[in-house]
Structures are given as C-alpha cells and as structure tokens.
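Novice: Mind having a look at this structure? Questions to follow.
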There are 2 protein chains.
Amino acid sequence: MDKIEVNINMTCYPMPCMLIGTMVGEKANFMTVAYFSQVSLKPPYILAALDKEHYTNAGIKETGAFSINIPSTSMAEVTDYCGLVSGKKFDKSTVFEVFYGKEGKAPMIVECPYNLECKLVQIIDLAGDELFIGEIVAAYSDDRYLTDGIPDMAKVDPLLLSVPQMAYLSVGPQVGRAFEMGKSRIKKG
Amino acid sequence: MDKIEVNINMTCYPMPCMLIGTMVGEKANFMTVAYFSQVSLKPPYILAALDKEHYTNAGIKETGAFSINIPSTSMAEVTDYCGLVSGKKFDKSTVFEVFYGKEGKAPMIVECPYNLECKLVQIIDLAGDELFIGEIVAAYSDDRYLTDGIPDMAKVDPLLLSVPQMAYLSVGPQVGRAFEMGKSRIKKG
C-alpha cells in the first residue's frame with residue numbers, strides 16, 4: 001500500500017456546476033455554485049451550500065424560491081464570470097434571457113439547457129455557510145436536449161469543476177449501465 | 001423560447017459517485033452514494049444524504065466516523081455492486097483491501113485513487129433521508145495519481161452517474177481555467 005496524505009483543501013472529485021437563480025429585490029441574480037447535491041428522491045429535495053456573505057442568500061429567504069440552472073460547456077466563460085463577481089456590485093439581471101416557471105418566483109436562465117424550479121423547504125446554519133434545501137417543483141428543458149422525451153446528458157453537455165486543477169471539465173464517454181453492471185457479481189456469490 | 005416541462009425524477013446533472021465507508025459492528029461496510037457534496041471549505045465539511053433504511057447509517061452514528069472513497073472508471077462494476085446490495089444481507093468487508101487513517105475509525109478503500117477520512121459533525125433528519133455532515137480530517141492518495149504533489153483528476157479518472165440515462169460516465173477533456181476565464185468579461189463592463 002502506497003497511500004500518502006495530500007492537501008485536504010483540494011478535494012479531488014468532479015463537482016457539477018450550476019447557476020443558482022433568485023430575485024433580490026426587483027432584480028434577478030445568478031451565482032455559480034459547485035457545492036450542491038440532490039439529497040432526496042421522494043420528495044425531490046436538492047441542497048445548495050452558500051457562504052453567508054453571498055448576495056443570493058437574502059433573496060432566497062425573502063422569496064422562498066430559487067432555481068438551479070445547468071450551463072453547458074459553451075457557457076463556461078459566462079458561468080465563471082457569475083462566480084467571480086457579486087450581485088452586490090454587478091447587476092447580473094441582464095446577463096441572460098430570463099424565464100419564470102409555474103410558481104413564478106424564481107428566475108431561470110433560457111440559455112441553460114436544463115433548469116430546476118425550487119421551493120425553499122429548510123435552511124441549515126453551518127459554520128460560515130447556509131445550506132438551502134429546496135423541493136424541486138418543476139424541471140424544464142428544450143427538445144434540442146431530449147432523446148425520447150428525456151433530458152440527454154450528452155446533449156446538455158454540462159460543466160464540471162476540478163478543484164485541484166482549478167479547471168472546468170466536460171463529461172466524457174459512457175462507462176457502463178448503472179444499477180445493472182454490478183449484477184453479475186451478485187450471481188458469482 | 002422553447003422551454004418545456006420534463007420529468008422531475010430524472011435530474012439531469014452529472015452526479016459524482018463515491019463509496020461511503022464505515023464500521024458496522026466489527027465489520028467494514030461500503031455503499032455507493034451519488035447524493036453528496038462538499039458544503040464548506042473552511043472548515044472542510046462534506047455532506048452525504050442516505051436513505052434512513054440503509055445499513056450504513058447505524059455504523060456512522062455508532063462510530064462517529066465515515067470515509068469517502070472515489071472509485072475510478074475501472075472500478076465501475078464493483079461500485080455498481082456496492083450500490084445494488086445491502087450490508088444487511090451481503091458481507092462487503094472483503095470486497096476491497098482496507099486501510100485506516102490517522103483517527104483509525106473509518107475503513108477506507110486501498111483500490112480507490114482518492115480517499116477522505118471524515119469525522120461526524122452533525123446529522124440532519126430530512127423526510128426519508130438522513131444528511132450526514134462530516135469534517136474532512138485527512139485526504140489520501142498515491143503517487144500514481146498525483147501531478148506535482150496534487151491529485152490529478154485525469155489520473156484519478158472518477159465515475160459520474162447520469163440519472164436520466166441510468167449510466168456511468170467518465171470525466172472528459174478540460175474546457176478552460178476556473179476563476180480565470182470569466183475575467184475578460186469583467187473588464188468588458
């Protein structure tokens with residue numbers, strides 16, 4: 001065994017990237033977030049961790065709503081921009097074409113191939129961060145990104161963040177069938 | 001605008017995959033998890049969402065420790081297996097070569113190119129799930145997976161899950177520099 005200790009601040013797993021959207025006052029605001037995950041299938045809950053300093057937090061608390069917008073690799077530059085500048089100083093309401101879903105409270109990004117409209121369920125206070133848990137009330141896409149009516153990851157072409165390399169990555173080829181390829185091992189014993 | 005509503009249960013963003021490790025009684029157990037994310041940089045906190053029914057939960061509560069083990073694409077079959085079968089019925093303690101870190105409480109997987117040793121900080125009860133928040137106390141890798149002493153995502157070659165396609169994916173080529181490529185847009189105004 002040749003395991004060695006490495007820097008704990010360069011977490012080495014591929015983090016998906018999204019733009020979190022919310023109204024802050026009268027204006028839509030979008031911020032890039034890589035600390036997020038679905039946390040429950042039924043009900044469909046998704047969690048985003050935001051530093052308490054962020055401009056977005058107050059908007060989510062005020063409106064009780066936020067959106068998760070998945071950018072494609074072709075949007076890497078603007079996604080990076082939305083992570084670099086704060087809504088406190090920069091008006092990001094006109095960066096994208098905005099649409100609203102069935103609840104009408106959370107701004108969503110037309111240019112993003114996949115959008116989740118979320119209703120705030122719970123906020124957890126955690127050291128310097130706030131964890132916002134939302135229920136997914138609707139998901140949106142566009143025919144261009146679907147195969148047989150289902151969003152197709154290859155067509156969505158999402159962005160990943162590599163923290164150690166400080167780089168955005170794309171999604172690569174398929175490796176195998178999930179919930180299927182391990183079955184042969186069950187039979188073996 | 002051609003946005004249409006799609007199925008909310010086929011969340012279309014690339015979910016990183018990991019094997020969560022814990023002792024359950026006298027035995028090491030490992031389960032595949034795609035619902036997880038780092039949630040704080042300082043302190044380094046990571047969160048995993050586990051259905052309350054899982055065998056792993058009791059072990060984390062008892063020991064106050066768990067590990068996050070990042071499998072490479074070459075481990076897709078065994079990773080899938082560890083998500084298909086429960087420790088309640090299958091002894092997964094001998095599936096991998098196991099090592100222990102500085103705290104010595106959480107079993108980790110030698111075959112995984114990257115491992116995080118975590119100390120339980122908080123458990124959040126959320127509908128049918130429990131959210132386990134752990135502090136990363138150490139990270140482990142192997143010279144083979146490092147470039148200039150830093151874990152290299154391309155060498156780690158981690159697995160992603162596409163829920164809509166029910167498929168495992170690999171990580172693709174680099175798109176651009178994070179926290180850098182958006183700067184040109186700031187200058188533009």
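By order in the structure tokens, chains are A, B, ...; within a chain, residues start at 1; ligands start at 1, following the order shown.
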Set the cut-off to 7 Å and count only C-alpha atoms: what are the residues of chain A that reach chain B? Output as a short mmCIF file (atom, residue, chain, number, x, y, z; two decimals) with all heavy atoms, in the first residue's frame.
Specialist:
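The resulting file, out_1.cif, is reproduced below:
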```
data_model
loop_
_atom_site.label_atom_id
_atom_site.label_comp_id
_atom_site.auth_asym_id
_atom_site.auth_seq_id
_atom_site.Cartn_x
_atom_site.Cartn_y
_atom_site.Cartn_z
N ASP A 2 0.59 2.13 -0.92
CA ASP A 2 1.42 3.33 -1.04
C ASP A 2 0.62 4.60 -0.80
O ASP A 2 0.87 5.63 -1.42
CB ASP A 2 2.06 3.38 -2.43
CG ASP A 2 2.86 2.13 -2.73
OD1 ASP A 2 3.75 1.81 -1.94
OD2 ASP A 2 2.56 1.48 -3.74
N LYS A 3 -0.36 4.54 0.10
CA LYS A 3 -1.19 5.72 0.35
C LYS A 3 -0.37 6.80 1.06
O LYS A 3 0.38 6.50 1.99
CB LYS A 3 -2.38 5.34 1.22
CG LYS A 3 -3.42 4.48 0.52
CD LYS A 3 -4.28 5.29 -0.46
CE LYS A 3 -5.29 4.37 -1.14
NZ LYS A 3 -6.10 5.10 -2.13
N ILE A 4 -0.55 8.02 0.63
CA ILE A 4 0.10 9.16 1.28
C ILE A 4 -0.94 10.25 1.53
O ILE A 4 -1.94 10.33 0.83
CB ILE A 4 1.25 9.74 0.41
CG1 ILE A 4 0.77 10.03 -1.01
CG2 ILE A 4 2.45 8.80 0.40
CD1 ILE A 4 1.78 10.77 -1.85
N GLU A 5 -0.69 11.07 2.54
CA GLU A 5 -1.60 12.17 2.82
C GLU A 5 -1.41 13.30 1.82
O GLU A 5 -0.27 13.62 1.44
CB GLU A 5 -1.34 12.71 4.23
CG GLU A 5 -2.26 12.08 5.26
CD GLU A 5 -2.38 12.93 6.53
OE1 GLU A 5 -3.05 13.98 6.51
OE2 GLU A 5 -1.78 12.50 7.52
N VAL A 6 -2.52 13.87 1.40
CA VAL A 6 -2.46 15.01 0.48
C VAL A 6 -3.28 16.16 1.06
O VAL A 6 -4.01 15.98 2.04
CB VAL A 6 -2.97 14.63 -0.95
CG1 VAL A 6 -2.02 13.65 -1.63
CG2 VAL A 6 -4.39 14.05 -0.90
N ASN A 7 -3.17 17.32 0.46
CA ASN A 7 -3.84 18.55 0.90
C ASN A 7 -5.37 18.36 1.01
O ASN A 7 -6.00 17.99 0.02
CB ASN A 7 -3.51 19.65 -0.12
CG ASN A 7 -3.95 21.02 0.32
OD1 ASN A 7 -4.95 21.18 1.02
ND2 ASN A 7 -3.19 22.03 -0.09
N ILE A 8 -5.94 18.63 2.19
CA ILE A 8 -7.39 18.44 2.33
C ILE A 8 -8.21 19.54 1.66
O ILE A 8 -9.41 19.44 1.52
CB ILE A 8 -7.84 18.32 3.82
CG1 ILE A 8 -7.47 19.56 4.64
CG2 ILE A 8 -7.31 17.05 4.45
CD1 ILE A 8 -8.12 19.57 6.02
N CYS A 12 -10.64 16.25 -4.50
CA CYS A 12 -10.49 15.72 -5.86
C CYS A 12 -11.63 14.78 -6.27
O CYS A 12 -11.45 13.58 -6.36
CB CYS A 12 -9.14 15.03 -6.00
SG CYS A 12 -8.81 14.59 -7.72
N TYR A 13 -12.80 15.37 -6.47
CA TYR A 13 -13.86 14.64 -7.18
C TYR A 13 -14.50 15.66 -8.11
O TYR A 13 -14.42 16.87 -7.85
CB TYR A 13 -14.88 14.01 -6.20
CG TYR A 13 -15.75 14.98 -5.46
CD1 TYR A 13 -16.94 15.43 -6.01
CD2 TYR A 13 -15.39 15.47 -4.21
CE1 TYR A 13 -17.74 16.35 -5.33
CE2 TYR A 13 -16.18 16.39 -3.54
CZ TYR A 13 -17.35 16.81 -4.10
OH TYR A 13 -18.14 17.73 -3.44
N PRO A 14 -15.09 15.24 -9.21
CA PRO A 14 -15.63 16.20 -10.18
C PRO A 14 -16.91 16.83 -9.67
O PRO A 14 -17.91 16.14 -9.45
CB PRO A 14 -15.88 15.34 -11.42
CG PRO A 14 -16.04 13.94 -10.90
CD PRO A 14 -15.26 13.84 -9.63
N MET A 15 -16.88 18.13 -9.42
CA MET A 15 -18.07 18.82 -8.91
C MET A 15 -18.89 19.38 -10.07
O MET A 15 -18.38 20.16 -10.87
CB MET A 15 -17.64 19.99 -8.01
CG MET A 15 -16.87 19.56 -6.79
SD MET A 15 -16.46 20.98 -5.72
CE MET A 15 -15.45 20.15 -4.46
N PRO A 16 -20.17 18.99 -10.15
CA PRO A 16 -21.01 19.60 -11.18
C PRO A 16 -21.17 21.09 -10.86
O PRO A 16 -21.07 21.50 -9.71
CB PRO A 16 -22.34 18.85 -11.03
CG PRO A 16 -22.31 18.25 -9.66
CD PRO A 16 -20.88 18.03 -9.32
N TYR A 35 -21.03 23.59 -4.83
CA TYR A 35 -21.39 22.84 -3.63
C TYR A 35 -22.89 22.61 -3.62
O TYR A 35 -23.65 23.37 -2.99
CB TYR A 35 -21.00 23.62 -2.37
CG TYR A 35 -19.53 23.69 -2.03
CD1 TYR A 35 -18.56 23.06 -2.81
CD2 TYR A 35 -19.10 24.38 -0.89
CE1 TYR A 35 -17.21 23.13 -2.46
CE2 TYR A 35 -17.76 24.44 -0.55
CZ TYR A 35 -16.82 23.83 -1.34
OH TYR A 35 -15.49 23.90 -0.98
N PHE A 36 -23.35 21.59 -4.32
CA PHE A 36 -24.77 21.27 -4.30
C PHE A 36 -24.97 19.80 -4.63
O PHE A 36 -24.11 19.16 -5.23
CB PHE A 36 -25.57 22.16 -5.27
CG PHE A 36 -25.50 21.72 -6.72
CD1 PHE A 36 -26.56 21.06 -7.32
CD2 PHE A 36 -24.36 21.96 -7.47
CE1 PHE A 36 -26.49 20.65 -8.65
CE2 PHE A 36 -24.28 21.55 -8.80
CZ PHE A 36 -25.35 20.90 -9.39
N SER A 37 -26.13 19.28 -4.20
CA SER A 37 -26.46 17.88 -4.50
C SER A 37 -27.94 17.66 -4.27
O SER A 37 -28.54 18.26 -3.38
CB SER A 37 -25.69 16.94 -3.58
OG SER A 37 -26.08 15.59 -3.80
N GLN A 38 -28.51 16.77 -5.08
CA GLN A 38 -29.82 16.26 -4.71
C GLN A 38 -29.63 15.50 -3.39
O GLN A 38 -28.58 14.88 -3.17
CB GLN A 38 -30.37 15.33 -5.81
CG GLN A 38 -31.82 14.92 -5.54
CD GLN A 38 -32.57 14.48 -6.79
OE1 GLN A 38 -32.02 14.46 -7.88
NE2 GLN A 38 -33.84 14.15 -6.62
N VAL A 39 -30.61 15.57 -2.48
CA VAL A 39 -30.46 14.88 -1.19
C VAL A 39 -31.63 13.97 -0.87
O VAL A 39 -31.62 13.27 0.15
CB VAL A 39 -30.23 15.89 -0.03
CG1 VAL A 39 -28.85 16.52 -0.12
CG2 VAL A 39 -31.30 16.96 0.02
N SER A 40 -32.65 13.98 -1.72
CA SER A 40 -33.79 13.08 -1.53
C SER A 40 -34.48 12.92 -2.88
O SER A 40 -34.58 13.87 -3.64
CB SER A 40 -34.76 13.69 -0.51
OG SER A 40 -36.00 13.01 -0.50
N ALA A 49 -25.11 24.79 -0.85
CA ALA A 49 -24.38 25.39 0.27
C ALA A 49 -23.81 26.72 -0.20
O ALA A 49 -23.02 26.77 -1.14
CB ALA A 49 -23.26 24.46 0.72
N THR A 73 -21.05 23.40 -21.63
CA THR A 73 -19.63 23.78 -21.72
C THR A 73 -19.45 25.06 -22.56
O THR A 73 -18.52 25.83 -22.31
CB THR A 73 -18.77 22.66 -22.34
OG1 THR A 73 -19.27 22.36 -23.64
CG2 THR A 73 -18.79 21.41 -21.48
N GLU A 77 -17.41 30.49 -19.98
CA GLU A 77 -16.90 31.82 -19.67
C GLU A 77 -17.89 32.63 -18.84
O GLU A 77 -17.53 33.21 -17.82
CB GLU A 77 -16.58 32.56 -20.98
CG GLU A 77 -15.80 33.85 -20.76
CD GLU A 77 -16.13 34.91 -21.80
OE1 GLU A 77 -16.16 34.60 -23.01
OE2 GLU A 77 -16.38 36.07 -21.39
N VAL A 78 -19.16 32.63 -19.25
CA VAL A 78 -20.16 33.40 -18.50
C VAL A 78 -20.45 32.76 -17.14
O VAL A 78 -20.75 33.45 -16.16
CB VAL A 78 -21.44 33.62 -19.36
CG1 VAL A 78 -22.22 32.33 -19.57
CG2 VAL A 78 -22.33 34.70 -18.74
N ASP A 80 -18.19 31.20 -15.32
CA ASP A 80 -17.06 31.62 -14.50
C ASP A 80 -17.26 33.07 -14.03
O ASP A 80 -17.05 33.39 -12.85
CB ASP A 80 -15.76 31.48 -15.29
CG ASP A 80 -14.53 31.53 -14.40
OD1 ASP A 80 -14.47 30.77 -13.41
OD2 ASP A 80 -13.62 32.33 -14.68
N TYR A 81 -17.69 33.90 -14.94
CA TYR A 81 -17.96 35.32 -14.61
C TYR A 81 -18.96 35.43 -13.46
O TYR A 81 -18.73 36.19 -12.51
CB TYR A 81 -18.49 36.04 -15.85
CG TYR A 81 -19.08 37.40 -15.59
CD1 TYR A 81 -18.26 38.52 -15.38
CD2 TYR A 81 -20.46 37.59 -15.55
CE1 TYR A 81 -18.81 39.77 -15.12
CE2 TYR A 81 -21.01 38.84 -15.29
CZ TYR A 81 -20.19 39.92 -15.08
OH TYR A 81 -20.73 41.16 -14.83
N LEU A 84 -17.30 34.90 -10.25
CA LEU A 84 -16.25 35.86 -9.89
C LEU A 84 -16.79 37.16 -9.32
O LEU A 84 -16.14 37.79 -8.48
CB LEU A 84 -15.39 36.20 -11.13
CG LEU A 84 -14.43 35.12 -11.64
CD1 LEU A 84 -13.85 35.53 -12.99
CD2 LEU A 84 -13.30 34.87 -10.64
N ASP A 129 -21.41 28.84 6.46
CA ASP A 129 -22.30 28.62 5.32
C ASP A 129 -23.76 28.49 5.76
O ASP A 129 -24.06 28.20 6.91
CB ASP A 129 -21.91 27.32 4.59
CG ASP A 129 -20.69 27.51 3.72
OD1 ASP A 129 -19.75 28.18 4.16
OD2 ASP A 129 -20.68 26.98 2.61
N ALA A 138 -40.59 21.79 -10.44
CA ALA A 138 -40.68 21.54 -11.88
C ALA A 138 -39.27 21.52 -12.49
O ALA A 138 -38.35 22.13 -11.94
CB ALA A 138 -41.52 22.61 -12.58
N ALA A 139 -39.13 20.79 -13.59
CA ALA A 139 -37.88 20.75 -14.34
C ALA A 139 -38.20 21.15 -15.77
O ALA A 139 -39.25 20.81 -16.31
CB ALA A 139 -37.28 19.34 -14.30
N TYR A 140 -37.29 21.91 -16.37
CA TYR A 140 -37.51 22.43 -17.72
C TYR A 140 -36.31 22.12 -18.62
O TYR A 140 -35.17 22.16 -18.17
CB TYR A 140 -37.73 23.95 -17.68
CG TYR A 140 -38.86 24.37 -16.79
CD1 TYR A 140 -38.64 24.63 -15.43
CD2 TYR A 140 -40.16 24.49 -17.27
CE1 TYR A 140 -39.69 25.00 -14.59
CE2 TYR A 140 -41.21 24.86 -16.43
CZ TYR A 140 -40.97 25.12 -15.10
OH TYR A 140 -42.00 25.47 -14.28
N SER A 141 -36.61 21.85 -19.87
CA SER A 141 -35.55 21.69 -20.85
C SER A 141 -36.11 22.13 -22.21
O SER A 141 -37.04 22.95 -22.26
CB SER A 141 -35.05 20.25 -20.88
OG SER A 141 -33.88 20.15 -21.64
N ASP A 142 -35.59 21.60 -23.27
CA ASP A 142 -35.93 22.04 -24.62
C ASP A 142 -35.74 20.80 -25.52
O ASP A 142 -34.84 20.00 -25.28
CB ASP A 142 -34.90 23.14 -24.97
CG ASP A 142 -35.11 23.78 -26.32
OD1 ASP A 142 -35.14 23.05 -27.33
OD2 ASP A 142 -35.21 25.02 -26.36
N ILE A 150 -36.60 12.48 -22.82
CA ILE A 150 -35.80 12.51 -21.57
C ILE A 150 -34.56 13.36 -21.79
O ILE A 150 -33.88 13.22 -22.82
CB ILE A 150 -35.40 11.05 -21.19
CG1 ILE A 150 -36.65 10.25 -20.83
CG2 ILE A 150 -34.40 11.05 -20.03
CD1 ILE A 150 -36.40 8.77 -20.67
N PRO A 151 -34.23 14.24 -20.81
CA PRO A 151 -33.00 15.03 -20.96
C PRO A 151 -31.79 14.12 -21.16
O PRO A 151 -31.63 13.12 -20.46
CB PRO A 151 -32.90 15.79 -19.62
CG PRO A 151 -34.30 15.86 -19.13
CD PRO A 151 -34.96 14.58 -19.58
N ASP A 152 -30.98 14.46 -22.13
CA ASP A 152 -29.85 13.61 -22.53
C ASP A 152 -28.55 14.32 -22.09
O ASP A 152 -28.23 15.41 -22.56
CB ASP A 152 -29.90 13.44 -24.05
CG ASP A 152 -28.87 12.45 -24.55
OD1 ASP A 152 -27.73 12.45 -24.03
OD2 ASP A 152 -29.21 11.69 -25.48
N MET A 153 -27.81 13.67 -21.19
CA MET A 153 -26.62 14.29 -20.61
C MET A 153 -25.63 14.71 -21.70
O MET A 153 -25.01 15.77 -21.60
CB MET A 153 -25.96 13.31 -19.64
CG MET A 153 -24.96 13.92 -18.70
SD MET A 153 -25.69 15.00 -17.43
CE MET A 153 -26.32 13.78 -16.29
N PRO A 158 -22.92 19.27 -19.75
CA PRO A 158 -22.71 20.14 -18.57
C PRO A 158 -21.25 20.33 -18.21
O PRO A 158 -20.37 19.63 -18.71
CB PRO A 158 -23.44 19.37 -17.47
CG PRO A 158 -23.33 17.94 -17.88
CD PRO A 158 -23.33 17.92 -19.39
N SER A 162 -12.92 20.88 -11.52
CA SER A 162 -11.84 20.16 -10.85
C SER A 162 -11.13 21.16 -9.94
O SER A 162 -10.44 22.07 -10.42
CB SER A 162 -10.84 19.60 -11.87
OG SER A 162 -9.67 19.18 -11.19
N PRO A 164 -8.59 20.65 -7.68
CA PRO A 164 -7.11 20.62 -7.68
C PRO A 164 -6.51 21.26 -8.93
O PRO A 164 -5.47 21.90 -8.85
CB PRO A 164 -6.77 19.12 -7.62
CG PRO A 164 -8.01 18.44 -7.19
CD PRO A 164 -9.17 19.30 -7.56
N GLN A 165 -7.16 21.09 -10.07
CA GLN A 165 -6.62 21.64 -11.32
C GLN A 165 -7.14 23.05 -11.60
O GLN A 165 -6.75 23.66 -12.59
CB GLN A 165 -6.95 20.71 -12.50
CG GLN A 165 -5.98 19.55 -12.68
CD GLN A 165 -6.02 18.54 -11.55
OE1 GLN A 165 -7.07 18.00 -11.26
NE2 GLN A 165 -4.90 18.31 -10.89
N MET A 166 -8.06 23.56 -10.77
CA MET A 166 -8.69 24.87 -10.99
C MET A 166 -9.17 24.96 -12.45
O MET A 166 -8.94 25.95 -13.15
CB MET A 166 -7.70 26.00 -10.71
CG MET A 166 -7.33 26.10 -9.25
SD MET A 166 -8.52 27.07 -8.32
CE MET A 166 -7.87 28.72 -8.60
N ALA A 167 -9.88 23.92 -12.88
CA ALA A 167 -10.29 23.85 -14.29
C ALA A 167 -11.73 23.37 -14.41
O ALA A 167 -12.23 22.64 -13.55
CB ALA A 167 -9.37 22.89 -15.02
N TYR A 168 -12.37 23.80 -15.48
CA TYR A 168 -13.66 23.23 -15.86
C TYR A 168 -13.42 22.07 -16.80
O TYR A 168 -12.54 22.12 -17.67
CB TYR A 168 -14.54 24.27 -16.57
CG TYR A 168 -14.90 25.44 -15.69
CD1 TYR A 168 -14.41 26.71 -15.94
CD2 TYR A 168 -15.73 25.27 -14.59
CE1 TYR A 168 -14.73 27.79 -15.13
CE2 TYR A 168 -16.06 26.34 -13.77
CZ TYR A 168 -15.55 27.59 -14.04
OH TYR A 168 -15.88 28.64 -13.23
N LEU A 169 -14.20 21.03 -16.61
CA LEU A 169 -14.10 19.83 -17.45
C LEU A 169 -15.46 19.56 -18.07
O LEU A 169 -16.49 20.01 -17.56
CB LEU A 169 -13.71 18.62 -16.59
CG LEU A 169 -12.48 18.75 -15.69
CD1 LEU A 169 -12.37 17.53 -14.79
CD2 LEU A 169 -11.22 18.89 -16.54
N SER A 170 -15.44 18.78 -19.13
CA SER A 170 -16.69 18.31 -19.72
C SER A 170 -16.95 16.88 -19.25
O SER A 170 -16.11 16.27 -18.59
CB SER A 170 -16.59 18.36 -21.24
OG SER A 170 -15.50 17.57 -21.66
N VAL A 171 -18.10 16.38 -19.59
CA VAL A 171 -18.45 14.99 -19.28
C VAL A 171 -17.93 14.11 -20.42
O VAL A 171 -18.02 14.50 -21.59
CB VAL A 171 -19.98 14.88 -19.10
CG1 VAL A 171 -20.46 13.46 -19.29
CG2 VAL A 171 -20.39 15.42 -17.74
N GLY A 172 -17.37 12.96 -20.08
CA GLY A 172 -16.79 12.07 -21.08
C GLY A 172 -17.71 10.93 -21.48
O GLY A 172 -18.91 10.96 -21.20
N PRO A 173 -17.14 9.93 -22.14
CA PRO A 173 -17.94 8.82 -22.66
C PRO A 173 -18.57 7.95 -21.57
O PRO A 173 -18.14 7.96 -20.42
CB PRO A 173 -16.93 7.99 -23.45
CG PRO A 173 -15.70 8.80 -23.57
CD PRO A 173 -15.72 9.81 -22.48
N GLN A 174 -19.57 7.21 -21.98
CA GLN A 174 -20.26 6.28 -21.09
C GLN A 174 -19.35 5.12 -20.72
O GLN A 174 -18.63 4.59 -21.56
CB GLN A 174 -21.54 5.80 -21.79
CG GLN A 174 -22.46 5.02 -20.86
CD GLN A 174 -23.83 4.79 -21.47
OE1 GLN A 174 -24.46 5.71 -22.01
NE2 GLN A 174 -24.32 3.56 -21.38
N VAL A 175 -19.40 4.72 -19.45
CA VAL A 175 -18.57 3.62 -18.94
C VAL A 175 -19.39 2.33 -18.86
O VAL A 175 -18.87 1.24 -19.12
CB VAL A 175 -18.01 3.98 -17.54
CG1 VAL A 175 -17.25 2.82 -16.93
CG2 VAL A 175 -17.14 5.23 -17.61
N GLY A 176 -20.66 2.45 -18.50
CA GLY A 176 -21.49 1.25 -18.39
C GLY A 176 -22.87 1.59 -17.85
O GLY A 176 -23.16 2.74 -17.54
N ARG A 177 -23.71 0.57 -17.72
CA ARG A 177 -25.09 0.75 -17.26
C ARG A 177 -25.15 0.78 -15.74
O ARG A 177 -24.67 -0.16 -15.09
CB ARG A 177 -25.99 -0.39 -17.76
CG ARG A 177 -25.99 -0.64 -19.26
CD ARG A 177 -26.55 0.52 -20.05
NE ARG A 177 -27.90 0.89 -19.60
CZ ARG A 177 -28.44 2.08 -19.79
NH1 ARG A 177 -27.78 3.03 -20.42
NH2 ARG A 177 -29.66 2.33 -19.37
N ALA A 178 -25.77 1.81 -15.19
CA ALA A 178 -25.91 1.91 -13.74
C ALA A 178 -27.04 0.99 -13.26
O ALA A 178 -28.02 0.78 -13.97
CB ALA A 178 -26.20 3.35 -13.35
N PHE A 179 -26.90 0.46 -12.08
CA PHE A 179 -27.85 -0.48 -11.46
C PHE A 179 -28.00 -1.74 -12.31
O PHE A 179 -29.02 -2.39 -12.31
CB PHE A 179 -29.22 0.19 -11.23
CG PHE A 179 -29.11 1.56 -10.61
CD1 PHE A 179 -29.38 2.71 -11.35
CD2 PHE A 179 -28.67 1.70 -9.30
CE1 PHE A 179 -29.25 3.98 -10.78
CE2 PHE A 179 -28.54 2.97 -8.72
CZ PHE A 179 -28.83 4.11 -9.47
N MET A 181 -24.61 -3.20 -14.24
CA MET A 181 -23.32 -3.87 -14.49
C MET A 181 -22.78 -4.61 -13.27
O MET A 181 -21.96 -5.51 -13.42
CB MET A 181 -22.30 -2.90 -15.08
CG MET A 181 -21.87 -1.78 -14.19
SD MET A 181 -20.91 -0.49 -15.09
CE MET A 181 -19.51 -1.40 -15.73
N GLY A 182 -23.26 -4.28 -12.07
CA GLY A 182 -22.80 -4.98 -10.87
C GLY A 182 -23.55 -6.26 -10.58
O GLY A 182 -23.18 -7.03 -9.69
N LYS A 183 -24.62 -6.51 -11.36
CA LYS A 183 -25.46 -7.69 -11.07
C LYS A 183 -24.71 -9.01 -11.25
O LYS A 183 -24.96 -9.98 -10.54
CB LYS A 183 -26.70 -7.68 -11.97
CG LYS A 183 -27.76 -6.69 -11.52
CD LYS A 183 -29.00 -6.77 -12.40
CE LYS A 183 -30.04 -5.72 -11.99
NZ LYS A 183 -31.13 -5.62 -12.99
N ARG A 185 -21.83 -9.74 -10.46
CA ARG A 185 -21.06 -10.02 -9.24
C ARG A 185 -21.96 -10.62 -8.14
O ARG A 185 -21.48 -11.37 -7.30
CB ARG A 185 -20.43 -8.71 -8.75
CG ARG A 185 -19.31 -8.87 -7.82
CD ARG A 185 -18.70 -7.52 -7.51
NE ARG A 185 -17.71 -7.13 -8.48
CZ ARG A 185 -16.39 -7.24 -8.28
NH1 ARG A 185 -15.93 -7.72 -7.16
NH2 ARG A 185 -15.54 -6.85 -9.21
#
```
Novice: DSSP on the backbone, then: every residue of stretch 4-180 of chain B marked strand (DSSP E), written as a PyMOL selection string.
Specialist: chain B and resi 4-6+15-16+18-24+27-33+36-40+45-51+65-70+98-100+107-109+114-126+129-142+146-147+150-151+160-162+167-177
Novice: Using only C-alpha atoms for the distances, tell me which of B:Lys52, B:Pro107, B:Lys88, B:Met75 is nearest to B:Ala28.
Specialist: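 Ranked by minimum distance to B:Ala28, first place goes to B:Pro107.
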Novice: Atom CA of A:Asn29 and atom CA of A:Asp125 are how many Å apart?
Specialist: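 It comes out at 22.1 Å.
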